[in-house]
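Data from start11.pdb: PDB, C-alpha atoms
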```pdb
MODEL        1
ATOM      1  CA  MET A 101      30.177   5.776 104.275
ATOM      2  CA  SER A 102      33.549   4.063 103.840
ATOM      3  CA  ALA A 103      36.600   5.765 102.376
ATOM      4  CA  LEU A 104      36.312   3.632  99.244
ATOM      5  CA  GLU A 105      32.739   4.780  98.701
ATOM      6  CA  LEU A 106      34.048   8.311  98.432
ATOM      7  CA  ILE A 107      35.818   7.202  95.259
ATOM      8  CA  GLU A 108      33.282   4.849  93.697
ATOM      9  CA  PRO A 109      29.491   4.440  93.918
ATOM     10  CA  PRO A 110      28.153   1.870  96.436
ATOM     11  CA  GLU A 111      27.152  -0.556  93.705
ATOM     12  CA  THR A 112      30.739  -0.593  92.418
ATOM     13  CA  VAL A 113      32.114  -1.106  95.914
ATOM     14  CA  ALA A 114      29.879  -4.116  96.416
ATOM     15  CA  ARG A 115      31.421  -5.793  93.355
ATOM     16  CA  GLN A 116      34.979  -5.333  94.557
ATOM     17  CA  PRO A 117      36.777  -8.476  95.788
ATOM     18  CA  SER A 118      37.138  -8.534  99.543
ATOM     19  CA  PRO A 119      41.002  -8.417  99.571
ATOM     20  CA  GLN A 120      40.978  -5.272  97.443
ATOM     21  CA  ARG A 121      38.487  -3.585  99.784
ATOM     22  CA  ALA A 122      40.665  -4.468 102.761
ATOM     23  CA  MET A 123      43.772  -3.118 101.047
ATOM     24  CA  THR A 124      42.044   0.112 100.062
ATOM     25  CA  THR A 125      40.677   0.798 103.551
ATOM     26  CA  MET A 126      44.242   0.703 104.893
ATOM     27  CA  ALA A 127      45.354   3.403 102.428
ATOM     28  CA  THR A 128      45.847   6.966 103.598
ATOM     29  CA  PRO A 129      43.405   9.654 102.508
ATOM     30  CA  ALA A 130      46.100  10.948 100.151
ATOM     31  CA  ASP A 131      46.200   7.531  98.449
ATOM     32  CA  LEU A 132      42.428   7.522  98.125
ATOM     33  CA  LEU A 133      42.448  11.031  96.707
ATOM     34  CA  ARG A 134      45.009  10.037  94.104
ATOM     35  CA  LEU A 135      42.926   7.008  93.124
ATOM     36  CA  ALA A 136      39.827   9.176  92.903
ATOM     37  CA  VAL A 137      41.535  11.549  90.497
ATOM     38  CA  GLU A 138      42.810   8.655  88.399
ATOM     39  CA  ASN A 139      39.309   7.162  88.269
ATOM     40  CA  GLY A 140      37.726  10.453  87.239
ATOM     41  CA  ALA A 141      35.692  10.949  90.437
ATOM     42  CA  ASP A 142      33.270  13.858  90.437
ATOM     43  CA  LEU A 143      33.896  17.118  92.290
ATOM     44  CA  ASP A 144      31.711  16.190  95.258
ATOM     45  CA  ARG A 145      33.748  13.037  95.982
ATOM     46  CA  LEU A 146      37.019  14.902  95.516
ATOM     47  CA  GLU A 147      35.948  17.589  97.995
ATOM     48  CA  ARG A 148      34.969  14.983 100.591
ATOM     49  CA  LEU A 149      38.298  13.212 100.155
ATOM     50  CA  MET A 150      40.174  16.495 100.490
ATOM     51  CA  ALA A 151      38.307  17.190 103.746
ATOM     52  CA  LEU A 152      39.185  13.681 104.947
ATOM     53  CA  GLN A 153      42.847  14.306 104.079
ATOM     54  CA  GLU A 154      42.838  17.577 106.027
ATOM     55  CA  ARG A 155      41.395  15.884 109.138
ATOM     56  CA  TRP A 156      43.928  13.063 108.853
ATOM     57  CA  GLU A 157      46.847  15.506 108.557
ATOM     58  CA  ALA A 158      45.563  17.498 111.551
ATOM     59  CA  GLY A 159      45.382  14.325 113.616
ATOM     60  CA  GLU A 160      48.907  13.308 112.649
ATOM     61  CA  ALA A 161      50.203  16.800 113.467
ATOM     62  CA  ARG A 162      48.493  16.693 116.866
ATOM     63  CA  LYS A 163      50.112  13.341 117.669
ATOM     64  CA  ALA A 164      53.516  14.664 116.579
ATOM     65  CA  PHE A 165      53.059  17.709 118.832
ATOM     66  CA  THR A 166      52.152  15.540 121.814
ATOM     67  CA  GLN A 167      55.178  13.291 121.285
ATOM     68  CA  ALA A 168      57.506  16.273 120.893
ATOM     69  CA  MET A 169      56.214  17.860 124.109
ATOM     70  CA  THR A 170      56.635  14.545 125.930
ATOM     71  CA  ASP A 171      60.256  14.307 124.773
ATOM     72  CA  PHE A 172      60.848  17.969 125.632
ATOM     73  CA  LYS A 173      59.518  17.493 129.175
ATOM     74  CA  ALA A 174      61.818  14.490 129.631
ATOM     75  CA  GLU A 175      64.856  16.790 129.432
ATOM     76  CA  PRO A 176      66.408  17.821 132.782
ATOM     77  CA  LEU A 177      65.758  21.553 132.377
ATOM     78  CA  GLU A 178      66.626  23.908 135.235
ATOM     79  CA  ILE A 179      65.600  27.565 135.330
ATOM     80  CA  PHE A 180      67.182  29.345 138.277
ATOM     81  CA  LYS A 181      66.018  32.468 140.100
ATOM     82  CA  ARG A 182      68.878  34.945 139.858
ATOM     83  CA  LYS A 183      67.244  38.372 139.984
ATOM     84  CA  GLU A 184      67.173  39.761 143.529
ATOM     85  CA  VAL A 185      64.337  42.024 144.622
ATOM     86  CA  GLY A 186      65.006  43.488 148.071
ATOM     87  CA  TYR A 187      68.031  44.701 149.997
ATOM     88  CA  LYS A 188      71.021  43.501 151.999
ATOM     89  CA  THR A 189      71.490  44.222 155.682
ATOM     90  CA  LYS A 190      74.702  45.559 157.207
ATOM     91  CA  GLU A 191      75.506  41.992 158.143
ATOM     92  CA  GLY A 192      75.295  40.962 154.497
ATOM     93  CA  ASP A 193      72.023  39.049 154.763
ATOM     94  CA  PHE A 194      69.551  39.451 151.920
ATOM     95  CA  VAL A 195      65.989  40.464 152.732
ATOM     96  CA  GLY A 196      63.511  39.981 149.909
ATOM     97  CA  TYR A 197      63.074  37.386 147.204
ATOM     98  CA  LYS A 198      64.539  36.198 143.911
ATOM     99  CA  HIS A 199      62.871  35.499 140.600
ATOM    100  CA  ALA A 200      63.884  34.269 137.166
ATOM    101  CA  GLN A 201      63.964  36.936 134.487
ATOM    102  CA  LEU A 202      62.520  36.439 131.009
ATOM    103  CA  CYS A 203      66.004  35.872 129.592
ATOM    104  CA  ASP A 204      66.638  33.117 132.163
ATOM    105  CA  VAL A 205      63.526  31.290 130.970
ATOM    106  CA  VAL A 206      64.130  31.812 127.248
ATOM    107  CA  ASP A 207      67.795  30.763 127.390
ATOM    108  CA  VAL A 208      66.781  27.362 128.797
ATOM    109  CA  VAL A 209      63.445  26.705 127.105
ATOM    110  CA  VAL A 210      63.973  27.819 123.497
ATOM    111  CA  PRO A 211      67.016  25.636 122.643
ATOM    112  CA  ALA A 212      65.351  22.611 124.251
ATOM    113  CA  MET A 213      62.143  23.137 122.288
ATOM    114  CA  ALA A 214      64.091  23.529 119.052
ATOM    115  CA  ARG A 215      65.709  20.133 119.587
ATOM    116  CA  HIS A 216      62.210  18.611 119.341
ATOM    117  CA  GLY A 217      60.879  20.647 116.437
ATOM    118  CA  LEU A 218      59.015  23.136 118.629
ATOM    119  CA  SER A 219      59.015  26.929 118.492
ATOM    120  CA  HIS A 220      57.116  29.687 120.253
ATOM    121  CA  ARG A 221      55.817  33.183 119.676
ATOM    122  CA  TRP A 222      54.025  35.853 121.696
ATOM    123  CA  ASP A 223      51.067  37.949 120.590
ATOM    124  CA  VAL A 224      50.409  41.104 122.608
ATOM    125  CA  LYS A 225      47.385  43.386 122.723
ATOM    126  CA  GLN A 226      45.680  45.821 125.089
ATOM    127  CA  GLU A 227      42.018  45.552 125.901
ATOM    128  CA  GLY A 228      39.854  47.123 128.595
ATOM    129  CA  GLY A 229      42.788  48.689 130.395
ATOM    130  CA  LYS A 230      44.628  45.353 130.558
ATOM    131  CA  VAL A 231      47.575  43.870 128.721
ATOM    132  CA  LEU A 232      46.968  40.452 127.151
ATOM    133  CA  VAL A 233      49.834  38.186 126.146
ATOM    134  CA  THR A 234      49.282  34.928 124.267
ATOM    135  CA  CYS A 235      52.127  32.417 124.064
ATOM    136  CA  THR A 236      51.770  29.903 121.231
ATOM    137  CA  VAL A 237      53.939  26.794 120.856
ATOM    138  CA  THR A 238      53.998  25.277 117.368
ATOM    139  CA  HIS A 239      55.405  21.966 116.158
ATOM    140  CA  ARG A 240      57.084  21.742 112.766
ATOM    141  CA  ALA A 241      54.253  19.446 111.633
ATOM    142  CA  GLY A 242      51.856  22.383 112.035
ATOM    143  CA  HIS A 243      49.898  21.759 115.242
ATOM    144  CA  SER A 244      49.976  24.551 117.837
ATOM    145  CA  GLU A 245      48.580  25.266 121.299
ATOM    146  CA  SER A 246      48.299  28.560 123.192
ATOM    147  CA  VAL A 247      48.019  30.057 126.665
ATOM    148  CA  THR A 248      46.756  33.609 127.298
ATOM    149  CA  LEU A 249      47.451  35.641 130.452
ATOM    150  CA  ASP A 250      46.451  39.208 131.239
ATOM    151  CA  GLY A 251      47.289  41.877 133.765
ATOM    152  CA  ALA A 252      47.106  45.592 134.447
ATOM    153  CA  PRO A 253      50.042  47.870 133.574
ATOM    154  CA  ASP A 254      52.702  47.734 136.304
ATOM    155  CA  ASN A 255      52.507  51.130 138.032
ATOM    156  CA  SER A 256      54.999  50.271 140.771
ATOM    157  CA  GLY A 257      57.980  52.546 141.234
ATOM    158  CA  LYS A 258      58.369  55.629 139.052
ATOM    159  CA  LYS A 259      57.586  54.090 135.662
ATOM    160  CA  ASN A 260      56.039  56.176 132.918
ATOM    161  CA  ALA A 261      53.022  54.858 130.974
ATOM    162  CA  ILE A 262      55.091  53.057 128.355
ATOM    163  CA  GLN A 263      57.378  51.485 130.943
ATOM    164  CA  GLN A 264      54.364  50.264 132.905
ATOM    165  CA  VAL A 265      53.006  48.402 129.878
ATOM    166  CA  ALA A 266      56.450  47.079 128.922
ATOM    167  CA  SER A 267      57.002  45.725 132.435
ATOM    168  CA  THR A 268      53.683  43.867 132.375
ATOM    169  CA  ILE A 269      54.362  42.469 128.900
ATOM    170  CA  GLN A 270      57.693  41.041 130.021
ATOM    171  CA  TYR A 271      56.112  39.590 133.152
ATOM    172  CA  LEU A 272      53.306  37.932 131.191
ATOM    173  CA  GLU A 273      55.672  36.645 128.506
ATOM    174  CA  ARG A 274      57.724  34.932 131.186
ATOM    175  CA  TYR A 275      54.769  33.311 132.915
ATOM    176  CA  SER A 276      52.905  32.329 129.747
ATOM    177  CA  LEU A 277      55.984  30.512 128.414
ATOM    178  CA  LEU A 278      56.399  28.712 131.721
ATOM    179  CA  ALA A 279      52.701  27.855 131.773
ATOM    180  CA  ILE A 280      52.482  26.370 128.295
ATOM    181  CA  THR A 281      55.648  24.312 128.755
ATOM    182  CA  GLY A 282      54.672  23.195 132.252
ATOM    183  CA  LEU A 283      57.992  24.305 133.746
ATOM    184  CA  SER A 284      58.821  26.115 136.975
ATOM    185  CA  THR A 285      61.779  28.040 138.350
ATOM    186  CA  LYS A 286      63.962  27.089 141.290
ATOM    187  CA  ASP A 287      66.326  28.650 143.787
ATOM    188  CA  GLU A 288      70.025  28.058 143.091
ATOM    189  CA  ARG A 289      70.755  27.048 146.685
ATOM    190  CA  HIS A 290      67.723  24.974 147.621
ATOM    191  CA  GLY A 291      66.497  23.656 144.274
ATOM    192  CA  ASP A 292      63.008  25.134 144.766
ATOM    193  CA  ASP A 293      61.306  28.168 146.254
ATOM    194  CA  ASP A 294      61.826  26.657 149.699
ATOM    195  CA  GLY A 295      58.386  27.731 150.794
ATOM    196  CA  GLN A 296      59.153  31.440 150.479
ATOM    197  CA  GLY A 297      55.796  32.465 149.073
ATOM    198  CA  GLY A 298      56.383  30.950 145.626
ATOM    199  CA  GLN A 299      57.807  34.244 144.314
ATOM    200  CA  ASP A 300      59.073  33.856 140.724
TER
ENDMDL
END
```
Could you express the structure from this file as structure tokens?
Amino acid sequence: MSALELIEPPETVARQPSPQRAMTTMATPADLLRLAVENGADLDRLERLMALQERWEAGEARKAFTQAMTDFKAEPLEIFKRKEVGYKTKEGDFVGYKHAQLCDVVDVVVPAMARHGLSHRWDVKQEGGKVLVTCTVTHRAGHSESVTLDGAPDNSGKKNAIQQVASTIQYLERYSLLAITGLSTKDERHGDDDGQGGQD
């Protein structure tokens, strides 16, 4: 069924001049809905046009999201590993690895996303002894996409139960934001992890 048939019965459509049919088929669903109201269309046709309008808006929002993410990824963003985990020898050499903290990621990613109409949020819950963190990126047009990561509470060191959960949440927030934006961290000296186990 054509969009015009949602407004008028098939027998009416058949009587329409060809140029008018062509012009109407190029109209947006919102235009068709307005015409339907003006022509006194019944509730069934109005509901179908409203559903068509919703699908059209969702498609436009999805395209806007994709374009915004493409423009965001075109920016020369650099997230450096500054947090040292390890120790220094008497000679001053560092033994261990570096990783980027959550603040290092957020300080770079959030302003860049905002420039392209994008924002993010985290949703956190515990389930089956694990911590689940979902990072959702939303475009101002309404379309959003999410990534969910999970992990056990971090019982390393002398953390209490709350600190264990908090540590895992921060870890998962960092990696879920990196995952959904498709970004990675790099070493300040070498520009990448230099083959050192990929520790972030």
Review point. For the file shown, what are the residues hit by the PyMOL selection byres ((chain A and resi 202) around 10), laid out as a list in words?
Key: His199, Ala200, Gln201, Cys203, Asp204, Val205, Val206, Asp207, Gln270, Tyr271, Leu272, Glu273, Arg274, Tyr275, Leu277 and Leu278 of chain A
Exercise for review: Using CA of Ala214 (chain A) and CA of Ala158 (chain A) as the two end points, give the distance in Å to one decimal.
Suggested key: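 Value for the CA of Ala214 (chain A)-CA of Ala158 (chain A) distance: 20.9 Å.
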**Study point:** Residues selected by the PyMOL selection byres ((chain A and resi 174) around 12), written as a ChimeraX atom specification
**Key:** /A:167-173,175-178,212-213,216,281-283
Review point. Quick one: of A:Val209, A:Val224, A:Asp254, A:Gly242, who's nearest to Glu154 (chain A), counting all atoms listed in the file?
Key: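 Going through A:Val209, A:Val224, A:Asp254, A:Gly242 one by one, the smallest distance to Glu154 (chain A) is for A:Gly242.
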Exercise for review: Check which residues satisfy the PyMOL selection byres ((chain A and resi 247) around 9) in the file shown, then give them as a count of residues only.
Suggested key: 13
Review point. Mind pulling up the distance from CA of Ile179 (chain A) to CA of Trp222 (chain A)?
Key: 19.7 Å
Check your understanding: What is the CA of Lys286 (chain A) to CA of Ser267 (chain A) distance in Å?
Key ->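 Computing the Euclidean distance for CA of Lys286 (chain A) and CA of Ser267 (chain A) yields 21.8 Å.
Neighbouring residues of Ala241 (chain A) at 12 Å or closer, counting all atoms listed in the file and skipping chain neighbours under 6 positions away, are A:Glu157, A:Ala158, A:Gly159, A:Glu160, A:Ala161, A:Arg162, A:Lys163, A:Ala164, A:Phe165, A:Thr166, A:Gln167, A:Ala168, A:His216, A:Gly217, A:Leu218, A:Ser219.
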Review point. Between A:Gly229, A:Lys198, A:Val265, A:His220, which is the closest to Ser244 (chain A) once you count all atoms listed in the file?
Key: A:His220
